[in-house]
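See structure below.
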Amino acid sequence: MKATIAIAMLLVCCLLAPISVQAYSYGDPNEEPLAEAYKKMAAELNGASPNFAGAKGAFDPMKQELDMHMGPEPAQTVLTHLEEKDKQAVLSDMHKILVLNIARRMASIAADFENYSQNKTLIAKANATYEALSPTVKQTDAALDEKIRKEFNNALTSLGNPGLFGVGIKEADKDLFESSRGTILNSLQDRFKLASLEVGHFTDSDSPGGQAEQRDGNRTTDLSDPRNWIPLVIIVLALVGVVAYTMRKRKRA
Amino acid sequence: MKRRRVELAALALFAVAIRLLYMSPYPAGWDDIDFALALDRFDLSAMQPHFPGYPVYILAAHLFYYAVGEPFTALSMLSAVAGGLTVVPLWLLFRQLGSISAARLASILYALAPLPVVTGIQPTSDALGTLLAGIFALLIWRSMQPEPEAVRNRTVSFILAGVVLGLLLGVRVSYVPLSVLWAGAAAVVICDREIPRRQALRNVLLSAAAAALVCAAWAGALAVSEGGVAPLMKLAFAFTEGHFTDWGGTYSADTSFTGRARYFLLRQIGGAGLGTLWAGYAGWRWLSTIAAAIGVIGLLSVVVTRVVRKQSVSNSRRTLFLLLWILPYLLWAFFAQNVDKPRHILPLIPPLLWLLATGLEHFCTFLPRSVSRRIGSKALFVCFSLLWLVGTAAVTYPLAREAHNKKPPVLELAEYVKESVPKDDSIMFTWEEQRVISYISPEHQVRRLRHWSDMRMELLQYPVPPRHIFATNAFIQGIDRSAGSWFNEVIAFEGSPWLYPTYHRVVLYEQKPGFIEGLR
């Protein structure tokens with residue numbers, strides 16, 4: 001028995017050692033850096049006296065990414081207006097860039113609509129971008145803000161859901177997505193007075209964070225897809241296996 | 001034998017019935033909303049629910065969700081059924097561990113004690129987790145039995161224990177320290193001379209494979225839900241790397257070790273778990289405190305007399321089993337879990353209840369001859385048991401009644417906000433209440449934040465700052481600068497701290513004039 005206790009204690013130590021002593025923490029994996037940068041800029045500019053140096057500091061890290069996805073023109077305009085210390089112009093430029101960013105995220109979703117895991121992140125990033133615009137929209141037109149939020153919800157729904165163990169599967173609906181995308185972009189284009197959303201180039205490598213992304217994710221949202229049933233089948237097989245094993249042993253005894 | 005079965009069925013029915021009668025199908029905090037949203041649309045990256053996903057729990061909740069159609073009722077009903085049925089494996093296990101009367105007392109106490117009842121009526125995953133933990137412990141004990149004629153049953157029990165362990169981890173990953181019990185049983189099986197070495201190794205492998213297979217199944221289901229293994233891994237890393245650590249600080253890390261130990265032992269295990277005395281709460285709690293104290297004395301006296309007489313302290317297999325059941329999880333809950341939330345100690349309540357009940361029984365037989373002869377140790381034990389049960393029920397009853405009849409303070413706040421706070425030209429700063437308010441009233445602007453600079457940034461997003469700025473007490477206490485003097489109290493909501501450990505008092509404040517000017 002002493003040996004047993006020794007072995008057990010050894011196992012206790014082995015099992016506990018790698019578990020880092022850390023309570024669970026929670027977080028939001030769907031942040032959009034551009035939206036965060038804008039919020040910092042807006043705060044710098046809307047203070048008691050506008051801090052253009054601070055706003056430039058928040059904007060600079062974004063320049064490279066903006067140039068890559070929207071061409072050099074938008075970032076250059078912002079920098080020029082920052083130098084001219086024209087607060088309203090900077091904010092208005094940034095609003096337009098945020099709208100273009102939403103258009104860009106939405107275009108990436110439409111281009112590879114079956115890629116559920118990537119699109120979920122993209123829609124979250126588009127939504128986070130809108131959250132940054134929302135205070136400006138809501139203060140002048142609360143109804144429009146509500147309408148856009150509703151459409152973002154619809155857009156998320158339109159991506160479908162692979163469910164859990166085959167429960168709660170929802171089909172993807174490209175028509176619903178396109179209609180939400182149209183409503184959101186048209187409303188924002190009108191509200192922020194953009195001539196066109198076609199500025200910049202939208203490359204194939206466009207994906208969350210601008211990095212090449214895993215694209216072979218599971219694309220199913222379909223009950224008839226066998227992959228959705230694998231987990232349940234494995235559990236059932238394990239249980240059946242145990243029962244069969246028991247019965248066989250019983251019979252033999 | 002048959003009478004015992006009827007007795008067990010009656011106890012289980014009673015335990016389920018009181019939980020169903022006092023169901024509290026309301027969201028009391030962040031996690032409850034996560035689970036409810038997960039029933040509608042399972043999406044880990046949107047925290048529906050939060051990582052690691054509770055896949056087996058959500059799957060079980062779907063059974064009830066189909067039947068009732070309302071997420072919080074479904075979750076509470078699952079808690080009620082699981083929490084009540086927990087007495088079945090406990091009864092079967094306790095009966096094998098010791099005397100029938102101690103087993104009976106411990107099982108009835110589990111049906112009535114405050115924490116098992118509270119977790120059995122609220123929409124959380126703890127009740128189902130502890131049901132599986134109870135079944136797991138029963139199977140492990142069976143697989144550790146020495147009787148040679150029962151080798152076949154032991155093998156089956158051990159493999160089934162692997163399956164249940166896999167399911168248990170799919171309900172609450174945080175119960176992983178209980179798997180040390182499995183390791184202990186594996187060691188016993190391997191060292192057992194009754195079983196040929198090869199067969200023993202095969203049994204251990206089969207059981208481990210069963211656990212791994214079930215875990216793989218639910219992990220696979222999570223990967224499918226997230227759209228692939230790579231996205232799931234990415235999410236897991238983002239979560240565990242502490243990428244988003246701005247959450248923390250729910251418990252005061254600055255309290256000393258002894259302060260924390262005292263709180264953990266006396267407030268959470270004692271006061272919340274068993275209904276014993278705690279600062280400011282007495283009354284009926286005296287009964288359970290005295291009973292528990294007698295139980296401890298009884299246990300100690302057993303150990304001391306055995307040591308004095310140089311006997312082995314106790315049945316060593318049983319001691320090993322209890323140690324492996326209690327100790328790893330106790331250390332884990334103390335060092336790694338949020339000490340503010342008593343529900344984390346729920347899986348410890350069954351073995352502790354059994355130990356105390358056994359201690360009480362020993363105490364009654366050890367009492368000076370004069371007393372026990374006159375009354376009889378059995379009658380004495382029954383008397384003590386009844387007093388303990390009455391005391392426990394009297395502590396639990398008002399809690400269950402409040403949980404059932406009154407909404408949690410956070411929900412009251414959310415409903416007040418929906419009714420009485422303007423949704424335009426207003427913003428609200430909160431901490432975890434945000435999740436409940438946004439669920440009840442998505443139209444309101446609610447921000448969860450902890451830094452003065454973040455709040456300033458949020459307010460300066462508006463071309464004209466919002467006219468109404470609200471804050472909650474959790475925000476004002478949590479923010480990194482003293483902010484209380486800027487706000488006036490609007491309304492306060494209160495509930496029992498035994499039901500709502502961190503958000504039992506929720507206060508809504510509105511800013512005083514001049515706040516924005518000062519902020520700029």
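Residue numbering restarts at 1 in every chain; chains get A, B, ... in the order shown in the structure tokens, and ligands count up from 1 in that same order.
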
Considering only C-alpha atoms, tabulate each residue of range 351-408 of chain B that lies at most 10 Å from range 289-306 of chain B along with its nearest interatomic pair and the corresponding distance in Å to one decimal; arrange the rows by chain and ascending residue number and present them as CSV.
residue,atom,partner,partner_atom,distance
B:Leu352,CA,B:Ala292,CA,9.9
B:Leu353,CA,B:Ala292,CA,8.8
B:Trp354,CA,B:Gly295,CA,9.7
B:Leu355,CA,B:Leu299,CA,7.5
B:Leu356,CA,B:Gly295,CA,4.4
B:Ala357,CA,B:Gly295,CA,6.2
B:Thr358,CA,B:Gly295,CA,7.0
B:Gly359,CA,B:Gly295,CA,4.1
B:Leu360,CA,B:Gly295,CA,4.2
B:Glu361,CA,B:Gly298,CA,7.4
B:His362,CA,B:Gly298,CA,5.4
B:Phe363,CA,B:Gly298,CA,4.3
B:Cys364,CA,B:Gly298,CA,8.0
B:Thr365,CA,B:Gly298,CA,9.2
B:Phe366,CA,B:Gly298,CA,8.0
B:Leu367,CA,B:Gly298,CA,9.6
B:Phe384,CA,B:Ala291,CA,7.0
B:Ser385,CA,B:Ala291,CA,7.9
B:Leu387,CA,B:Ala291,CA,8.0
B:Trp388,CA,B:Ala291,CA,5.8
B:Leu389,CA,B:Ala291,CA,9.4
B:Gly391,CA,B:Thr289,CA,9.0
B:Thr392,CA,B:Thr289,CA,9.5

For those residues, write C-alpha atoms to a file as an mmCIF file, in the first residue's frame.
data_model
loop_
_atom_site.group_PDB
_atom_site.id
_atom_site.type_symbol
_atom_site.label_atom_id
_atom_site.label_comp_id
_atom_site.auth_asym_id
_atom_site.auth_seq_id
_atom_site.Cartn_x
_atom_site.Cartn_y
_atom_site.Cartn_z
ATOM 1 C CA LEU B 352 -16.648 17.070 3.358
ATOM 2 C CA LEU B 353 -20.276 16.338 4.271
ATOM 3 C CA TRP B 354 -19.527 12.643 4.466
ATOM 4 C CA LEU B 355 -16.460 13.214 6.642
ATOM 5 C CA LEU B 356 -18.427 15.456 9.027
ATOM 6 C CA ALA B 357 -21.367 13.029 9.185
ATOM 7 C CA THR B 358 -18.976 10.171 9.934
ATOM 8 C CA GLY B 359 -17.259 12.297 12.560
ATOM 9 C CA LEU B 360 -20.598 13.019 14.190
ATOM 10 C CA GLU B 361 -21.404 9.324 14.305
ATOM 11 C CA HIS B 362 -18.051 8.508 15.900
ATOM 12 C CA PHE B 363 -18.563 11.268 18.418
ATOM 13 C CA CYS B 364 -21.852 9.730 19.510
ATOM 14 C CA THR B 365 -20.228 6.346 20.124
ATOM 15 C CA PHE B 366 -17.226 7.875 21.876
ATOM 16 C CA LEU B 367 -19.252 9.910 24.354
ATOM 17 C CA PHE B 384 -27.866 15.501 16.409
ATOM 18 C CA SER B 385 -28.675 14.649 12.791
ATOM 19 C CA LEU B 387 -30.923 19.280 14.616
ATOM 20 C CA TRP B 388 -28.297 19.596 11.887
ATOM 21 C CA LEU B 389 -30.838 18.985 9.138
ATOM 22 C CA GLY B 391 -30.536 24.074 10.985
ATOM 23 C CA THR B 392 -29.345 23.545 7.408
#

For this session: Counting only C-alpha atoms, collect the residues of chain B whose closest atom lies at most 6 Å from chain A, and write them out as number ranges by chain.
Result: B: 180, 184, 214, 217, 221, 225, 227-228, 244, 247, 336-337, 457, 460-462, 520

Serialized selection, all heavy atoms, as a short mmCIF file (atom, residue, chain, number, x, y, z; two decimals), in the first residue's frame:
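That gives us again_3.cif:
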data_model
loop_
_atom_site.label_atom_id
_atom_site.label_comp_id
_atom_site.auth_asym_id
_atom_site.auth_seq_id
_atom_site.Cartn_x
_atom_site.Cartn_y
_atom_site.Cartn_z
N VAL B 180 -6.99 13.52 -10.77
CA VAL B 180 -5.98 12.87 -9.93
C VAL B 180 -6.56 11.59 -9.32
O VAL B 180 -5.85 10.60 -9.14
CB VAL B 180 -5.51 13.84 -8.83
CG1 VAL B 180 -4.62 13.13 -7.84
CG2 VAL B 180 -4.77 15.01 -9.45
N GLY B 184 -4.95 7.92 -9.24
CA GLY B 184 -4.84 7.08 -8.05
C GLY B 184 -5.40 5.69 -8.29
O GLY B 184 -4.78 4.68 -7.94
N VAL B 214 -13.58 10.72 -25.49
CA VAL B 214 -14.70 11.62 -25.22
C VAL B 214 -14.23 13.08 -25.26
O VAL B 214 -14.89 13.95 -25.84
CB VAL B 214 -15.36 11.30 -23.86
CG1 VAL B 214 -16.44 12.30 -23.54
CG2 VAL B 214 -15.93 9.90 -23.88
N ALA B 217 -13.87 14.06 -28.73
CA ALA B 217 -15.17 14.27 -29.37
C ALA B 217 -15.67 15.68 -29.12
O ALA B 217 -16.08 16.39 -30.03
CB ALA B 217 -16.17 13.24 -28.86
N ALA B 221 -16.05 18.84 -31.65
CA ALA B 221 -17.29 19.61 -31.85
C ALA B 221 -17.01 21.10 -31.72
O ALA B 221 -17.56 21.92 -32.46
CB ALA B 221 -18.34 19.17 -30.83
N SER B 225 -17.53 23.98 -34.55
CA SER B 225 -18.34 25.19 -34.28
C SER B 225 -17.55 26.46 -34.56
O SER B 225 -18.11 27.48 -34.90
CB SER B 225 -18.82 25.20 -32.83
OG SER B 225 -17.84 25.79 -32.00
N GLY B 227 -15.23 26.65 -36.83
CA GLY B 227 -14.87 26.69 -38.25
C GLY B 227 -13.53 26.05 -38.54
O GLY B 227 -12.93 26.32 -39.58
N GLY B 228 -13.01 25.20 -37.66
CA GLY B 228 -11.77 24.51 -37.95
C GLY B 228 -10.88 24.43 -36.73
O GLY B 228 -11.10 25.12 -35.74
N PHE B 244 -5.88 39.26 -23.11
CA PHE B 244 -6.94 40.20 -22.73
C PHE B 244 -7.07 40.19 -21.23
O PHE B 244 -8.08 39.80 -20.68
CB PHE B 244 -8.25 39.80 -23.38
CG PHE B 244 -8.09 39.50 -24.83
CD1 PHE B 244 -8.10 38.20 -25.27
CD2 PHE B 244 -7.92 40.53 -25.73
CE1 PHE B 244 -7.93 37.93 -26.61
CE2 PHE B 244 -7.75 40.26 -27.06
CZ PHE B 244 -7.76 38.96 -27.51
N TRP B 247 -9.39 42.02 -17.70
CA TRP B 247 -10.59 41.56 -17.01
C TRP B 247 -10.40 41.51 -15.51
O TRP B 247 -11.26 41.88 -14.73
CB TRP B 247 -10.96 40.17 -17.51
CG TRP B 247 -12.27 39.75 -17.01
CD1 TRP B 247 -12.53 39.10 -15.85
CD2 TRP B 247 -13.53 39.97 -17.64
NE1 TRP B 247 -13.86 38.90 -15.71
CE2 TRP B 247 -14.49 39.43 -16.79
CE3 TRP B 247 -13.92 40.58 -18.82
CZ2 TRP B 247 -15.84 39.47 -17.10
CZ3 TRP B 247 -15.25 40.61 -19.12
CH2 TRP B 247 -16.20 40.06 -18.28
N ALA B 336 -6.00 28.77 -7.56
CA ALA B 336 -6.18 29.11 -8.98
C ALA B 336 -7.58 29.61 -9.33
O ALA B 336 -7.79 30.12 -10.42
CB ALA B 336 -5.83 27.91 -9.84
N GLN B 337 -8.53 29.44 -8.43
CA GLN B 337 -9.89 29.87 -8.77
C GLN B 337 -10.21 31.17 -8.03
O GLN B 337 -9.54 31.53 -7.08
CB GLN B 337 -10.91 28.80 -8.40
CG GLN B 337 -10.72 27.51 -9.16
CD GLN B 337 -11.40 27.52 -10.51
OE1 GLN B 337 -11.44 28.53 -11.19
NE2 GLN B 337 -11.92 26.39 -10.93
N MET B 457 -11.56 58.80 -23.11
CA MET B 457 -11.57 58.56 -24.55
C MET B 457 -12.99 58.29 -25.05
O MET B 457 -13.41 58.85 -26.06
CB MET B 457 -10.65 57.38 -24.87
CG MET B 457 -10.46 57.17 -26.36
SD MET B 457 -9.21 55.93 -26.71
CE MET B 457 -10.18 54.45 -26.64
N LEU B 460 -14.99 61.48 -25.19
CA LEU B 460 -14.56 62.46 -26.19
C LEU B 460 -14.81 61.96 -27.61
O LEU B 460 -14.43 62.62 -28.58
CB LEU B 460 -13.09 62.81 -25.98
CG LEU B 460 -12.82 63.59 -24.69
CD1 LEU B 460 -11.34 63.88 -24.52
CD2 LEU B 460 -13.61 64.90 -24.67
N GLN B 461 -15.43 60.81 -27.78
CA GLN B 461 -15.81 60.35 -29.11
C GLN B 461 -16.97 61.18 -29.65
O GLN B 461 -17.20 61.23 -30.85
CB GLN B 461 -16.27 58.88 -29.07
CG GLN B 461 -15.18 57.90 -28.69
CD GLN B 461 -13.98 58.01 -29.61
OE1 GLN B 461 -14.09 57.89 -30.82
NE2 GLN B 461 -12.84 58.29 -29.01
N TYR B 462 -17.72 61.79 -28.73
CA TYR B 462 -18.92 62.49 -29.15
C TYR B 462 -18.59 63.93 -29.49
O TYR B 462 -17.92 64.62 -28.71
CB TYR B 462 -19.98 62.45 -28.04
CG TYR B 462 -20.48 61.06 -27.77
CD1 TYR B 462 -19.76 60.20 -26.94
CD2 TYR B 462 -21.64 60.59 -28.36
CE1 TYR B 462 -20.20 58.91 -26.71
CE2 TYR B 462 -22.08 59.31 -28.14
CZ TYR B 462 -21.36 58.47 -27.32
OH TYR B 462 -21.79 57.20 -27.11
N ARG B 520 -12.17 67.29 -19.55
CA ARG B 520 -11.42 67.73 -20.72
C ARG B 520 -10.01 68.19 -20.35
O ARG B 520 -9.09 68.01 -21.08
CB ARG B 520 -12.15 68.91 -21.38
CG ARG B 520 -13.27 68.49 -22.31
CD ARG B 520 -13.89 69.72 -22.93
NE ARG B 520 -15.16 69.45 -23.57
CZ ARG B 520 -15.29 69.12 -24.86
NH1 ARG B 520 -14.23 68.97 -25.60
NH2 ARG B 520 -16.48 68.93 -25.36
#

Problem set entry | Pick from B:Ile479, B:Ile58, B:Ala36, B:Ala102, whichever lies nearest to Lys378 in chain B using only C-alpha atoms |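 Residue with the minimum atom-to-atom distance to Lys378 in chain B: B:Ala102.
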
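Separating CA of Ala103 in chain A from CA of Ala126 in chain A is a distance of 8.1 Å.
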
For this session: Work out how far CA of Ala9 in chain B is from CA of Ser179 in chain B, in Å to one decimal.
Result: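 Distance between the two atoms: 28.7 Å.
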
For this session: Just the residues within 9 Å of Ala483 in chain B, please, counting only C-alpha atoms, with nothing from its chain fewer than 6 positions along; format it as an MDAnalysis selection string.
Result: chainID B and resid 452 476:477

For this session: May I have the residues within 9 Å of Thr73 in chain B as a list in words, using only C-alpha atoms and disregarding those fewer than 5 positions away in the same chain?
Result: Met23, Ser24, Pro25, Tyr26, Phe64, Tyr65, Val68, Leu78 and Pro123 of chain B

Seminar exercise, completed: Of B:Glu458, B:Trp284, B:Gly98, B:Glu7, the one nearest to Glu36 in chain A when counting only C-alpha atoms is B:Glu458

Problem set entry | Within 12 Å of Gln88 in chain A using only C-alpha atoms, minus same-chain residues under 2 positions, as a ChimeraX atom specification | /A:41-42,45-46,50,52,78,81-82,84-86,90-95 /B:463

Kindly save the residues from that selection, with C-alpha atoms included, as a PDB file, in the first residue's frame.
ATOM      1  CA  MET A  41      -7.279  60.429 -32.325  1.00  0.00           C
ATOM      2  CA  ALA A  42     -10.828  61.643 -31.698  1.00  0.00           C
ATOM      3  CA  LEU A  45      -8.693  66.245 -30.931  1.00  0.00           C
ATOM      4  CA  ASN A  46     -11.907  66.669 -28.917  1.00  0.00           C
ATOM      5  CA  PRO A  50      -6.906  69.803 -29.820  1.00  0.00           C
ATOM      6  CA  PHE A  52      -2.510  67.320 -33.086  1.00  0.00           C
ATOM      7  CA  VAL A  78      -5.027  62.809 -43.035  1.00  0.00           C
ATOM      8  CA  HIS A  81      -4.811  67.980 -42.520  1.00  0.00           C
ATOM      9  CA  LEU A  82      -3.027  67.127 -39.265  1.00  0.00           C
ATOM     10  CA  GLU A  84      -2.646  72.132 -41.179  1.00  0.00           C
ATOM     11  CA  LYS A  85      -4.166  71.638 -37.715  1.00  0.00           C
ATOM     12  CA  ASP A  86      -7.630  71.342 -39.245  1.00  0.00           C
ATOM     13  CA  VAL A  90      -8.958  65.232 -39.898  1.00  0.00           C
ATOM     14  CA  LEU A  91     -12.032  63.788 -38.218  1.00  0.00           C
ATOM     15  CA  SER A  92     -13.964  63.813 -41.456  1.00  0.00           C
ATOM     16  CA  ASP A  93     -11.062  62.090 -43.287  1.00  0.00           C
ATOM     17  CA  MET A  94     -10.940  59.454 -40.594  1.00  0.00           C
ATOM     18  CA  HIS A  95     -14.692  58.873 -40.788  1.00  0.00           C
TER      19      HIS A  95
ATOM     20  CA  PRO B 463     -18.839  65.800 -31.015  1.00  0.00           C
TER      21      PRO B 463
END

Problem set entry | Exercise: Gly271 in chain B partners within 12 Å, only C-alpha atoms, chain neighbours under 3 positions left out, as an MDAnalysis selection string | chainID B and resid 113:115 262:268 274:282 284:286 288:289 292 342 345 349 392 395:396 497:499

For this session: Step one, run DSSP on the backbone; step two, keep only residues of range 271-517 of chain B assigned to alpha helix (DSSP H); then write them as a ChimeraX atom specification.
Result: /B:285-308,316-336,349-366,369-375,377-405,409-420,433-440,452-459,473-478,515-517
